Amino acid sequence: MSDPDTPYILREAAKRLDLPTRRLFLRNALGLGTLGLLGGCKVIDGLSAEQMLSGMNDFNDRAQAWLFNPSALAREYPESAITRPFPFNSFYTPNSPDLAPVIEAAGWVLNVTGQVERTADWTLPQLYALPQFTQITRHICIEGWSAIGKWGGVRLSHFLKVVGADTRAKYVTFRCDDEYVTSIDMATALHPQTQLCLWMDGRILERRHGFPLKLRVPTKLGFKNAKHVGEIEVGNDYTGGYWETYGYNWYSGL
Ligand SMILES: Nc1nc2c(c(=O)[nH]1)N[C@H]1C(S)=C(S)[C@@H](COP(=O)(O)O)O[C@H]1N2
Ligand SMILES: [Mo]
């Protein structure tokens, strides 16, 4: 960040972000060969730098979405590669599983909203009764760790079909019990490994890892894997997400 080779406008915009976000932000901004493009823009003030950079994030989102291959699968691993214990991470401070929401299975329902034909709530037994599949894939957190886990649950594409979702809509948004939010593009939502996850390591998902329901999306970075999902919304309006508002690239594909 103090690197004199970092263009002025990036340094200015980065100053407005907290430290962990800043690192990612600069990496994303510098990633797609934008460094050369920005090299000559030394006389731009902080605000227009920010506007330009958010424009670039949109550009990156579109470029990445265009590059996304809906049939390319994230790598799957053998049982022997599973990371135990699996790390915990949260947006709240302190980063402690003791602060993870306490959710009672009995009264819990999943809300389905937006461009869907059937907006009825889903109970846990109803979700457990849908066809399930298992994946052993790598979760990559932008904070500098990765871990391999075994997740079970329902293909999101199947669930979207069952609820009669308009799959021409642009976004699927996940709202969580701890107020965390994130959203993904429809192509990723329909990807065969994108999962409404109910199980981890053959057991009901633990509280710390997102009980009763999390999104498992191995083609995206860790922060897109929303835990404790309480609402799924299908729609065309950009809804962003928690980390996305701090400058993390919305698409964040792998
Ligand atoms: N509801 C909710 N989902 C969340 C988060 C969170 O704080 N709350 N953190 C995200 C981040 S940054 C990561 S790396 C993973 C961590 O999941 P884990 O605790 O199962 O490793 O959850 C993601 N989903
Ligand atoms: Mo993360």
# chains A, B, ... in the order shown; residues from 1 in each chain; ligands from 1
$ closest_atom_pairs --of "chain A" --to "ligand 2" --cutoff "7 Å" --atoms "only C-alpha atoms and all ligand atoms" --output "Markdown table"
| residue | atom | partner | partner_atom_place_in_ligand_line | distance |
| --- | --- | --- | --- | --- |
| A:Asn89 | CA | ligand 2 | 1 (Mo) | 6.3 |
| A:Cys141 | CA | ligand 2 | 1 (Mo) | 3.8 |
| A:Ile142 | CA | ligand 2 | 1 (Mo) | 5.3 |
| A:Glu143 | CA | ligand 2 | 1 (Mo) | 5.9 |
| A:Gly222 | CA | ligand 2 | 1 (Mo) | 4.6 |
| A:Phe223 | CA | ligand 2 | 1 (Mo) | 4.4 |
$ write_last_selection --atoms "all heavy atoms" --output "PDB file, in the first residue's frame"
ATOM      1  N   ASN A  89     -15.222 -18.907  10.405  1.00  0.00           N
ATOM      2  CA  ASN A  89     -15.018 -17.483  10.115  1.00  0.00           C
ATOM      3  C   ASN A  89     -16.354 -16.751  10.097  1.00  0.00           C
ATOM      4  O   ASN A  89     -17.380 -17.311   9.715  1.00  0.00           O
ATOM      5  CB  ASN A  89     -14.315 -17.299   8.774  1.00  0.00           C
ATOM      6  CG  ASN A  89     -13.595 -15.972   8.703  1.00  0.00           C
ATOM      7  OD1 ASN A  89     -13.137 -15.448   9.715  1.00  0.00           O
ATOM      8  ND2 ASN A  89     -13.513 -15.399   7.521  1.00  0.00           N
ATOM      9  N   CYS A 141     -10.977 -18.790   1.618  1.00  0.00           N
ATOM     10  CA  CYS A 141     -11.316 -17.509   2.253  1.00  0.00           C
ATOM     11  C   CYS A 141     -10.275 -16.479   1.863  1.00  0.00           C
ATOM     12  O   CYS A 141      -9.076 -16.741   1.884  1.00  0.00           O
ATOM     13  CB  CYS A 141     -11.367 -17.649   3.771  1.00  0.00           C
ATOM     14  SG  CYS A 141     -11.615 -16.061   4.591  1.00  0.00           S
ATOM     15  N   ILE A 142     -10.756 -15.314   1.541  1.00  0.00           N
ATOM     16  CA  ILE A 142      -9.904 -14.220   1.105  1.00  0.00           C
ATOM     17  C   ILE A 142      -8.947 -13.756   2.201  1.00  0.00           C
ATOM     18  O   ILE A 142      -7.957 -13.097   1.948  1.00  0.00           O
ATOM     19  CB  ILE A 142     -10.814 -13.073   0.591  1.00  0.00           C
ATOM     20  CG1 ILE A 142     -10.104 -12.284  -0.469  1.00  0.00           C
ATOM     21  CG2 ILE A 142     -11.360 -12.210   1.714  1.00  0.00           C
ATOM     22  CD1 ILE A 142      -9.882 -13.084  -1.719  1.00  0.00           C
ATOM     23  N   GLU A 143      -9.249 -14.125   3.448  1.00  0.00           N
ATOM     24  CA  GLU A 143      -8.370 -13.725   4.544  1.00  0.00           C
ATOM     25  C   GLU A 143      -7.109 -14.576   4.621  1.00  0.00           C
ATOM     26  O   GLU A 143      -6.308 -14.428   5.541  1.00  0.00           O
ATOM     27  CB  GLU A 143      -9.132 -13.746   5.874  1.00  0.00           C
ATOM     28  CG  GLU A 143     -10.067 -12.556   5.972  1.00  0.00           C
ATOM     29  CD  GLU A 143     -10.966 -12.593   7.188  1.00  0.00           C
ATOM     30  OE1 GLU A 143     -10.459 -12.833   8.291  1.00  0.00           O
ATOM     31  OE2 GLU A 143     -12.176 -12.409   7.019  1.00  0.00           O
ATOM     32  N   GLY A 222     -14.919 -17.832  -0.509  1.00  0.00           N
ATOM     33  CA  GLY A 222     -15.586 -18.229   0.729  1.00  0.00           C
ATOM     34  C   GLY A 222     -16.701 -17.313   1.166  1.00  0.00           C
ATOM     35  O   GLY A 222     -17.734 -17.776   1.661  1.00  0.00           O
ATOM     36  N   PHE A 223     -16.531 -16.015   1.013  1.00  0.00           N
ATOM     37  CA  PHE A 223     -17.529 -15.097   1.564  1.00  0.00           C
ATOM     38  C   PHE A 223     -18.875 -15.172   0.842  1.00  0.00           C
ATOM     39  O   PHE A 223     -19.881 -14.680   1.349  1.00  0.00           O
ATOM     40  CB  PHE A 223     -16.986 -13.658   1.623  1.00  0.00           C
ATOM     41  CG  PHE A 223     -16.951 -12.901   0.336  1.00  0.00           C
ATOM     42  CD1 PHE A 223     -18.042 -12.127  -0.056  1.00  0.00           C
ATOM     43  CD2 PHE A 223     -15.831 -12.925  -0.487  1.00  0.00           C
ATOM     44  CE1 PHE A 223     -18.018 -11.412  -1.237  1.00  0.00           C
ATOM     45  CE2 PHE A 223     -15.787 -12.206  -1.663  1.00  0.00           C
ATOM     46  CZ  PHE A 223     -16.888 -11.453  -2.046  1.00  0.00           C
TER      47      PHE A 223
END
$ residues_near_ligand --ligand "ligand 1" --cutoff "6 Å" --atoms "only C-alpha atoms and all ligand atoms" --output "compact mmCIF listing (two decimals) with N, CA and C atoms, in the first residue's frame"
# COMPACT_ATOMS: atom_id res chain seq x y z
N PRO A 87 -11.98 -24.79 9.76
CA PRO A 87 -11.94 -23.45 10.37
C PRO A 87 -13.31 -22.78 10.42
N PHE A 88 -13.40 -21.81 11.32
CA PHE A 88 -14.61 -21.00 11.46
C PHE A 88 -14.28 -19.58 11.04
N ASN A 89 -15.22 -18.91 10.40
CA ASN A 89 -15.02 -17.48 10.12
C ASN A 89 -16.35 -16.75 10.10
N SER A 90 -16.31 -15.49 10.55
CA SER A 90 -17.53 -14.68 10.59
C SER A 90 -17.21 -13.22 10.36
N PHE A 91 -18.23 -12.45 9.99
CA PHE A 91 -18.03 -11.01 9.78
C PHE A 91 -18.12 -10.24 11.09
N CYS A 141 -10.98 -18.79 1.62
CA CYS A 141 -11.32 -17.51 2.25
C CYS A 141 -10.28 -16.48 1.86
N CYS A 176 -29.31 -13.85 5.67
CA CYS A 176 -28.96 -14.77 6.75
C CYS A 176 -29.47 -14.29 8.09
N ASP A 178 -27.89 -13.91 10.82
CA ASP A 178 -27.00 -12.96 11.51
C ASP A 178 -26.89 -11.65 10.73
N TYR A 180 -26.16 -11.21 7.73
CA TYR A 180 -25.22 -11.28 6.60
C TYR A 180 -26.03 -11.44 5.31
N ARG A 208 -21.91 -23.56 14.08
CA ARG A 208 -20.82 -22.66 13.67
C ARG A 208 -20.66 -22.61 12.14
N HIS A 209 -21.05 -23.68 11.47
CA HIS A 209 -20.85 -23.73 10.02
C HIS A 209 -22.11 -23.41 9.23
N GLY A 222 -14.92 -17.83 -0.51
CA GLY A 222 -15.59 -18.23 0.73
C GLY A 222 -16.70 -17.31 1.17
N PHE A 223 -16.53 -16.01 1.01
CA PHE A 223 -17.53 -15.10 1.56
C PHE A 223 -18.87 -15.17 0.84
N ASN A 225 -20.32 -17.98 0.40
CA ASN A 225 -20.97 -19.17 0.95
C ASN A 225 -21.75 -18.79 2.21
N ALA A 226 -22.93 -18.22 2.00
CA ALA A 226 -23.74 -17.67 3.09
C ALA A 226 -24.18 -18.76 4.06
N LYS A 227 -23.94 -18.52 5.36
CA LYS A 227 -24.38 -19.47 6.40
C LYS A 227 -25.70 -19.00 6.99
N HIS A 228 -26.41 -19.90 7.67
CA HIS A 228 -27.68 -19.57 8.35
C HIS A 228 -28.65 -18.84 7.42
$ closest_residue --among "A:Leu160, A:Val102, A:Leu221, A:Met56" --to "Ala147 (chain A)" --atoms "only C-alpha atoms"
A:Leu221
$ residues_around --residues "His158 (chain A)" --least-positions-apart "4" --cutoff "12 Å" --atoms "only C-alpha atoms" --output "PyMOL selection string"
chain A and resi 127+130-133+153-154+162-165+167+189-196
$ write_last_selection --atoms "N, CA and C atoms" --output "mmCIF file, in the first residue's frame"
data_model
loop_
_atom_site.group_PDB
_atom_site.id
_atom_site.type_symbol
_atom_site.label_atom_id
_atom_site.label_comp_id
_atom_site.auth_asym_id
_atom_site.auth_seq_id
_atom_site.Cartn_x
_atom_site.Cartn_y
_atom_site.Cartn_z
ATOM 1 N N LEU A 127 -37.032 -29.835 3.319
ATOM 2 C CA LEU A 127 -35.749 -29.711 2.609
ATOM 3 C C LEU A 127 -34.969 -31.024 2.659
ATOM 4 N N LEU A 130 -35.918 -33.544 -0.076
ATOM 5 C CA LEU A 130 -35.550 -33.326 -1.485
ATOM 6 C C LEU A 130 -34.315 -34.175 -1.824
ATOM 7 N N PRO A 131 -34.083 -34.471 -3.119
ATOM 8 C CA PRO A 131 -32.881 -35.248 -3.477
ATOM 9 C C PRO A 131 -31.600 -34.519 -3.048
ATOM 10 N N GLN A 132 -30.672 -35.286 -2.462
ATOM 11 C CA GLN A 132 -29.440 -34.707 -1.902
ATOM 12 C C GLN A 132 -28.225 -35.203 -2.694
ATOM 13 N N PHE A 133 -27.156 -34.429 -2.684
ATOM 14 C CA PHE A 133 -25.872 -34.900 -3.225
ATOM 15 C C PHE A 133 -24.752 -34.404 -2.324
ATOM 16 N N GLY A 153 -26.337 -31.793 0.484
ATOM 17 C CA GLY A 153 -27.528 -30.959 0.389
ATOM 18 C C GLY A 153 -28.165 -31.041 -0.980
ATOM 19 N N VAL A 154 -28.997 -30.072 -1.257
ATOM 20 C CA VAL A 154 -29.845 -30.063 -2.445
ATOM 21 C C VAL A 154 -29.195 -29.190 -3.519
ATOM 22 N N VAL A 162 -38.100 -26.486 -8.511
ATOM 23 C CA VAL A 162 -39.244 -26.888 -7.677
ATOM 24 C C VAL A 162 -40.097 -25.673 -7.282
ATOM 25 N N VAL A 163 -39.435 -24.552 -6.980
ATOM 26 C CA VAL A 163 -40.213 -23.369 -6.571
ATOM 27 C C VAL A 163 -40.680 -22.542 -7.776
ATOM 28 N N GLY A 164 -40.340 -22.974 -8.974
ATOM 29 C CA GLY A 164 -40.766 -22.258 -10.171
ATOM 30 C C GLY A 164 -40.095 -20.899 -10.299
ATOM 31 N N ALA A 165 -38.784 -20.872 -10.069
ATOM 32 C CA ALA A 165 -38.052 -19.603 -10.184
ATOM 33 C C ALA A 165 -37.916 -19.197 -11.651
ATOM 34 N N THR A 167 -35.688 -18.347 -14.162
ATOM 35 C CA THR A 167 -34.230 -18.475 -14.282
ATOM 36 C C THR A 167 -33.650 -17.491 -15.304
ATOM 37 N N ALA A 189 -25.854 -19.813 -9.902
ATOM 38 C CA ALA A 189 -26.926 -20.458 -9.122
ATOM 39 C C ALA A 189 -27.316 -21.793 -9.763
ATOM 40 N N LEU A 190 -27.248 -21.866 -11.093
ATOM 41 C CA LEU A 190 -27.663 -23.079 -11.809
ATOM 42 C C LEU A 190 -26.517 -24.080 -11.996
ATOM 43 N N HIS A 191 -25.311 -23.702 -11.570
ATOM 44 C CA HIS A 191 -24.147 -24.583 -11.717
ATOM 45 C C HIS A 191 -24.371 -25.871 -10.911
ATOM 46 N N PRO A 192 -23.965 -27.046 -11.472
ATOM 47 C CA PRO A 192 -24.296 -28.317 -10.813
ATOM 48 C C PRO A 192 -23.715 -28.499 -9.416
ATOM 49 N N GLN A 193 -22.647 -27.781 -9.066
ATOM 50 C CA GLN A 193 -22.085 -27.951 -7.712
ATOM 51 C C GLN A 193 -22.613 -26.920 -6.714
ATOM 52 N N THR A 194 -23.444 -26.008 -7.170
ATOM 53 C CA THR A 194 -23.985 -24.992 -6.258
ATOM 54 C C THR A 194 -25.103 -25.624 -5.434
ATOM 55 N N GLN A 195 -24.946 -25.558 -4.126
ATOM 56 C CA GLN A 195 -25.721 -26.428 -3.233
ATOM 57 C C GLN A 195 -26.381 -25.666 -2.074
ATOM 58 N N LEU A 196 -27.626 -26.034 -1.799
ATOM 59 C CA LEU A 196 -28.251 -25.633 -0.532
ATOM 60 C C LEU A 196 -27.813 -26.694 0.456
#
$ residues_around --residues "Asp121 (chain A)" --least-positions-apart "5" --cutoff "8 Å" --atoms "only C-alpha atoms" --output "JSON, numbers by chain"
{"A": [109, 110, 111, 112]}
$ write_last_selection --atoms "C-alpha atoms" --output "PDB file, in the first residue's frame"
ATOM      1  CA  VAL A 109     -38.595 -21.882   7.941  1.00  0.00           C
ATOM      2  CA  LEU A 110     -36.873 -20.810   4.760  1.00  0.00           C
ATOM      3  CA  ASN A 111     -38.557 -17.888   2.964  1.00  0.00           C
ATOM      4  CA  VAL A 112     -38.568 -17.867  -0.834  1.00  0.00           C
TER       5      VAL A 112
END
$ select_by_dssp --residues "region 90-237 of chain A" --states "strand (DSSP E)" --output "number ranges by chain"
A: 111-114, 133-141, 145-155, 171-176, 181-185, 195-200, 203-204, 214-216, 229-235
$ closest_residue --among "A:Val172, A:Val217, A:Ile136, A:Ile103" --to "Gly202 (chain A)" --atoms "only C-alpha atoms"
A:Ile136
$ atom_distance --atom1 "CA of Asp185 (chain A)" --atom2 "CA of Lys170 (chain A)"
5.8 Å
$ atom_distance --atom1 "CA of Gly152 (chain A)" --atom2 "CA of Asp201 (chain A)"
7.9 Å
$ residues_around --residues "region 237-245 of chain A" --least-positions-apart "3" --cutoff "8 Å" --atoms "only C-alpha atoms" --output "number ranges by chain"
A: 170-171, 173, 180-183, 223, 248-250
$ write_last_selection --atoms "C-alpha atoms" --output "PDB file, in the first residue's frame"
ATOM      1  CA  LYS A 170     -30.172 -11.979 -13.012  1.00  0.00           C
ATOM      2  CA  TYR A 171     -29.577 -12.603  -9.314  1.00  0.00           C
ATOM      3  CA  THR A 173     -29.819 -13.310  -3.034  1.00  0.00           C
ATOM      4  CA  TYR A 180     -25.222 -11.276   6.603  1.00  0.00           C
ATOM      5  CA  VAL A 181     -26.210 -10.971   2.921  1.00  0.00           C
ATOM      6  CA  THR A 182     -24.713 -12.015  -0.368  1.00  0.00           C
ATOM      7  CA  SER A 183     -25.908 -12.621  -3.903  1.00  0.00           C
ATOM      8  CA  PHE A 223     -17.529 -15.097   1.564  1.00  0.00           C
ATOM      9  CA  TYR A 248     -14.783  -6.921  -2.407  1.00  0.00           C
ATOM     10  CA  ASN A 249     -15.430  -7.814  -6.008  1.00  0.00           C
ATOM     11  CA  TRP A 250     -19.074  -8.927  -6.264  1.00  0.00           C
TER      12      TRP A 250
END
$ atom_distance --atom1 "CA of Arg216 (chain A)" --atom2 "CA of Cys197 (chain A)"
5.9 Å
$ select_by_dssp --residues "region 38-138 of chain A" --states "alpha helix (DSSP H)" --output "list of chain:residue names"
A:Leu38, A:Gly46, A:Leu47, A:Ser48, A:Ala49, A:Glu50, A:Gln51, A:Met52, A:Leu53, A:Ser54, A:Gly55, A:Met56, A:Asn57, A:Asp58, A:Phe59, A:Asn60, A:Asp61, A:Arg62, A:Ala63, A:Gln64, A:Ala65, A:Trp66, A:Leu67, A:Leu124, A:Pro125, A:Gln126, A:Leu127, A:Tyr128
$ write_last_selection --atoms "N, CA, C and O atoms" --output "compact mmCIF listing (two decimals), in the first residue's frame"
# COMPACT_ATOMS: atom_id res chain seq x y z
N LEU A 38 -4.27 2.70 -15.36
CA LEU A 38 -4.40 3.73 -14.35
C LEU A 38 -3.12 4.55 -14.18
O LEU A 38 -3.15 5.61 -13.57
N GLY A 46 -9.67 11.84 -4.89
CA GLY A 46 -10.11 10.60 -4.26
C GLY A 46 -11.49 10.16 -4.68
O GLY A 46 -11.71 8.98 -4.93
N LEU A 47 -12.41 11.09 -4.79
CA LEU A 47 -13.79 10.71 -5.10
C LEU A 47 -13.91 10.12 -6.49
O LEU A 47 -14.49 9.05 -6.68
N SER A 48 -13.34 10.79 -7.47
CA SER A 48 -13.48 10.24 -8.82
C SER A 48 -12.69 8.94 -8.94
O SER A 48 -13.05 8.06 -9.72
N ALA A 49 -11.64 8.82 -8.13
CA ALA A 49 -10.91 7.55 -8.11
C ALA A 49 -11.85 6.45 -7.66
O ALA A 49 -11.90 5.38 -8.26
N GLU A 50 -12.63 6.77 -6.63
CA GLU A 50 -13.57 5.78 -6.10
C GLU A 50 -14.60 5.40 -7.16
O GLU A 50 -14.92 4.23 -7.35
N GLN A 51 -15.12 6.43 -7.83
CA GLN A 51 -16.13 6.16 -8.86
C GLN A 51 -15.54 5.29 -9.97
O GLN A 51 -16.15 4.33 -10.41
N MET A 52 -14.33 5.64 -10.34
CA MET A 52 -13.69 4.88 -11.41
C MET A 52 -13.48 3.43 -10.97
O MET A 52 -13.71 2.50 -11.74
N LEU A 53 -13.07 3.27 -9.71
CA LEU A 53 -12.81 1.92 -9.24
C LEU A 53 -14.09 1.12 -9.10
O LEU A 53 -14.10 -0.07 -9.40
N SER A 54 -15.19 1.77 -8.67
CA SER A 54 -16.42 0.98 -8.57
C SER A 54 -16.89 0.63 -9.97
O SER A 54 -17.43 -0.43 -10.21
N GLY A 55 -16.65 1.53 -10.92
CA GLY A 55 -16.94 1.22 -12.32
C GLY A 55 -16.12 0.03 -12.78
O GLY A 55 -16.61 -0.84 -13.49
N MET A 56 -14.89 -0.03 -12.31
CA MET A 56 -14.03 -1.13 -12.69
C MET A 56 -14.48 -2.44 -12.09
O MET A 56 -14.37 -3.49 -12.70
N ASN A 57 -14.99 -2.37 -10.87
CA ASN A 57 -15.52 -3.57 -10.25
C ASN A 57 -16.69 -4.11 -11.07
O ASN A 57 -16.80 -5.31 -11.29
N ASP A 58 -17.57 -3.20 -11.55
CA ASP A 58 -18.67 -3.62 -12.41
C ASP A 58 -18.11 -4.27 -13.67
O ASP A 58 -18.59 -5.30 -14.13
N PHE A 59 -17.08 -3.65 -14.20
CA PHE A 59 -16.45 -4.17 -15.41
C PHE A 59 -15.89 -5.56 -15.13
O PHE A 59 -16.10 -6.50 -15.90
N ASN A 60 -15.20 -5.70 -13.99
CA ASN A 60 -14.65 -7.00 -13.61
C ASN A 60 -15.76 -8.04 -13.45
O ASN A 60 -15.61 -9.18 -13.88
N ASP A 61 -16.88 -7.64 -12.83
CA ASP A 61 -18.01 -8.55 -12.66
C ASP A 61 -18.48 -9.07 -14.02
O ASP A 61 -18.68 -10.25 -14.22
N ARG A 62 -18.63 -8.14 -14.95
CA ARG A 62 -19.15 -8.52 -16.27
C ARG A 62 -18.14 -9.39 -17.01
O ARG A 62 -18.50 -10.39 -17.63
N ALA A 63 -16.87 -9.02 -16.91
CA ALA A 63 -15.82 -9.79 -17.60
C ALA A 63 -15.77 -11.21 -17.03
O ALA A 63 -15.70 -12.19 -17.78
N GLN A 64 -15.85 -11.32 -15.69
CA GLN A 64 -15.77 -12.63 -15.07
C GLN A 64 -17.00 -13.47 -15.39
O GLN A 64 -16.89 -14.67 -15.63
N ALA A 65 -18.17 -12.83 -15.40
CA ALA A 65 -19.40 -13.56 -15.71
C ALA A 65 -19.32 -14.10 -17.13
O ALA A 65 -19.74 -15.22 -17.41
N TRP A 66 -18.75 -13.31 -18.02
CA TRP A 66 -18.63 -13.71 -19.40
C TRP A 66 -17.65 -14.88 -19.54
O TRP A 66 -17.85 -15.78 -20.35
N LEU A 67 -16.61 -14.88 -18.69
CA LEU A 67 -15.61 -15.95 -18.75
C LEU A 67 -16.08 -17.23 -18.06
O LEU A 67 -15.52 -18.29 -18.25
N LEU A 124 -37.53 -27.61 7.62
CA LEU A 124 -36.35 -28.48 7.48
C LEU A 124 -36.70 -29.88 6.98
O LEU A 124 -36.04 -30.37 6.05
N PRO A 125 -37.74 -30.55 7.54
CA PRO A 125 -38.08 -31.89 7.02
C PRO A 125 -38.37 -31.87 5.52
O PRO A 125 -38.02 -32.80 4.80
N GLN A 126 -39.00 -30.78 5.06
CA GLN A 126 -39.29 -30.68 3.62
C GLN A 126 -37.99 -30.59 2.81
O GLN A 126 -37.86 -31.20 1.76
N LEU A 127 -37.03 -29.84 3.32
CA LEU A 127 -35.75 -29.71 2.61
C LEU A 127 -34.97 -31.02 2.66
O LEU A 127 -34.37 -31.43 1.67
N TYR A 128 -35.00 -31.71 3.82
CA TYR A 128 -34.30 -33.00 3.94
C TYR A 128 -34.90 -34.05 3.00
O TYR A 128 -34.24 -35.01 2.64
$ closest_residue --among "A:Leu213, A:Ile148, A:Ile204, A:Ile184" --to "Ala74 (chain A)" --atoms "only C-alpha atoms"
A:Ile148
$ closest_residue --among "A:Arg207, A:Lys220, A:Lys214, A:Lys161" --to "Leu99 (chain A)" --atoms "only C-alpha atoms"
A:Arg207
